[in-house]
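One structure is given here, and the rest of the page talks about it.
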Amino acid sequence: MKFLVALVASLIFSAAAVALPANGLAPDALIKSISSEVIDIVKADKEIQSGNAKKAAELVDKKVAPHFDFMRMTRLALGREWRQANAGQQKVLANEFQTLLVRTYSKALTEYKNQIVDVKPLALKAADTDVKVRSEIKQSGAKAIQLDYYLQKTNDSWKIYDIEVAGISLVTNYRESFSNEVRSSGIDGLIKVLQAKNKSGDTVAVKK
Amino acid sequence: MKTSFVHMKISVLLLLTALLTTGCASSAGGNKDPLEGFNRAIFAFNDGVDQVILKPVATGYDAVLPTPVRKGVTNFFGNIADVFIGINNLLQGKVSDGAGDLGRVAVNSTLGLLGVFDVASNMGIEKHEEDFGQTFGRWGADSGAFVVVPFFGPRTVRDTAGLVLDVATDPVSYVDHVPTRNTMAGVRLVNDRANLLPADKVIAEAALDKYSYIRDAYLQRRRSLIYDGNAPREAESE
């Protein structure tokens, strides 16, 4: 099941973002500085490398989360079922999904083992508002893993709304389980499942 | 001369493929997993075998062996795998990729000391990932329903047929000296499983339902592999 190795290795690198001023960088430059900053921090941090997921979660919260559009990701993951939720439920769902993703990425970050990231340059046109930035994770002895970021421009800053790891889209992968849950126990059922899952781990919950 | 165990594996897979292709195996309409009940049962069985036998052995192996040794083992078996990755690329008409793969075998087997060192990657000759399932896909075979194969794990009907050929052509099974062959197959299995240990932790964290998470990831991954990384984005239903 080689695709699982690919999935994990690239999750490490999807957890990467840098705090930028409002008149931010171009999307590929953004992803590049994100990746280097997080890798540098992880390389210097023995605790994260030895499995401290809580510390990794703090890193992700601080450096990564601000660059994701979690509301949009949750809406895409829910698809048609999004309209079934009222505004309050939508907010809770986005919050819980964010917590779940932060914890997953943090776990993956603790597995970092000196891979190298190569972000491909993007031919950005001035009118573009929805782009895909491609990057590759190189590891010796195995095929390079593709890691693609989908970003949308809102008010001069680019936000990530999906990540494709070795061809596996994060949003698409949750779509089926979310819609199954909504179909069997409604929006509230899905919220309960997400909350229970987030409570059961050892990483810090996102404070909002 | 292949062992009777390999013969048994192949017979089981052929039987499974025959049953699936003649039975209700077509992915009807929008349902990508018409065999879900059956699949979940096999998935639970595979998981059980893994938790009780394979994972503990792989964990011990991981704890005991230093990383460079683990890497050498991975490279050694990766080199053997490159032979049929190359052949599959050629069968798919990807001549330069196939030539690259066979070039990797030549370089790594000699300069890389029987494949223990992946010299070819350092020289810029990329490693690829191909198998007979992808070749059949390239030739136009539809993927068919999602299937969880006993011991082997997630596949589609087409990939199960591909798996039969992958197993039949596995160079390790052609090693004449039985104890060596068994040791090689065993070490490869444990090494592969050890390489997946980090994935376990992440999936436990990420998945609401382990079965559907792995299934959906597998199906997306196969789709991407057929397109060699350039699969069109799936439509968003909003």
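Each chain in the structure tokens gets a letter, A, B and so on, in the order shown; residues start at 1 in every chain, and ligands are counted from 1 in the order they appear.
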Could you find all residues in stretch 64-161 of chain A that DSSP calls strand (DSSP E or B) from the backbone, and write them as a count of residues only? 29
Taking only residues of stretch 97-169 of chain A that have an atom at most 12 Å from an atom of stretch 77-91 of chain A, what is each one's shortest atom pair and its distance in Å to one decimal, using only C-alpha atoms, in chain and number order, as a tab-separated table?
```
residue	atom	partner	partner_atom	distance
A:Phe97	CA	A:Ala77	CA	9.6
A:Gln98	CA	A:Lys91	CA	10.6
A:Tyr161	CA	A:Ala77	CA	10.4
A:Asp162	CA	A:Ala77	CA	9.8
A:Ser169	CA	A:Ala77	CA	10.3
```
Dump C-alpha atoms for the selected residues as a PDB file, in the first residue's frame?
```pdb
ATOM      1  CA  PHE A  97     -12.953  20.252  10.770  1.00  0.00           C
ATOM      2  CA  GLN A  98     -10.149  22.718  11.390  1.00  0.00           C
ATOM      3  CA  TYR A 161      -8.694  25.538   0.212  1.00  0.00           C
ATOM      4  CA  ASP A 162      -7.532  22.082  -0.783  1.00  0.00           C
ATOM      5  CA  SER A 169      -7.579  15.358  -2.529  1.00  0.00           C
TER       6      SER A 169
END
```
For chain B against chain A, which residues fall within 6 Å using only C-alpha atoms, given as JSON, numbers by chain? {"B": [75, 118, 127, 128, 196, 199, 202, 205, 206, 216, 217, 220, 221, 224, 237, 238]}
C-alpha atoms of the current selection, written as a PDB file, in the first residue's frame:
```pdb
ATOM      1  CA  ASN B  75      16.630  -0.012  -1.821  1.00  0.00           C
ATOM      2  CA  ASP B 118      20.168   3.923  -4.804  1.00  0.00           C
ATOM      3  CA  LYS B 127      12.048   6.092  -9.724  1.00  0.00           C
ATOM      4  CA  HIS B 128       8.555   5.362 -11.031  1.00  0.00           C
ATOM      5  CA  LEU B 196       3.951   2.039   6.733  1.00  0.00           C
ATOM      6  CA  ALA B 199       0.996   6.065   8.171  1.00  0.00           C
ATOM      7  CA  VAL B 202      -1.709   9.590  10.878  1.00  0.00           C
ATOM      8  CA  GLU B 205      -5.853  10.631  13.684  1.00  0.00           C
ATOM      9  CA  ALA B 206      -7.393  11.632  10.367  1.00  0.00           C
ATOM     10  CA  ASP B 216     -11.441   6.765  -0.968  1.00  0.00           C
ATOM     11  CA  ALA B 217      -7.712   7.486  -0.776  1.00  0.00           C
ATOM     12  CA  GLN B 220      -8.226   8.645  -5.888  1.00  0.00           C
ATOM     13  CA  ARG B 221      -4.624   7.471  -5.907  1.00  0.00           C
ATOM     14  CA  SER B 224      -4.082   9.831 -10.349  1.00  0.00           C
ATOM     15  CA  SER B 237     -21.277  19.561  -6.052  1.00  0.00           C
ATOM     16  CA  GLU B 238     -22.361  22.750  -4.336  1.00  0.00           C
TER      17      GLU B 238
END
```
Do you know which residues are at most 9 Å from B:Gly103 counting only C-alpha atoms, after dropping those on the same chain fewer than 3 positions away, and could you put them as a list in words? Gly86, Gly98, Ala99, Gly100, Ala106, Val107, Asn108, Ala120 and Ile125 of chain B
Hey, can you spit out that residue selection with C-alpha atoms as a PDB file, in the first residue's frame?
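File produced: selection.pdb:
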```pdb
ATOM      1  CA  GLY B  86      10.322  -0.836 -16.434  1.00  0.00           C
ATOM      2  CA  GLY B  98      10.824   2.308 -19.224  1.00  0.00           C
ATOM      3  CA  ALA B  99      14.366   2.789 -20.455  1.00  0.00           C
ATOM      4  CA  GLY B 100      15.038   4.886 -17.358  1.00  0.00           C
ATOM      5  CA  ALA B 106      21.729  -1.629 -14.392  1.00  0.00           C
ATOM      6  CA  VAL B 107      23.316   1.204 -12.414  1.00  0.00           C
ATOM      7  CA  ASN B 108      22.054   0.226  -8.970  1.00  0.00           C
ATOM      8  CA  ALA B 120      20.557   6.078  -9.852  1.00  0.00           C
ATOM      9  CA  ILE B 125      17.173   8.873 -12.963  1.00  0.00           C
TER      10      ILE B 125
END
```
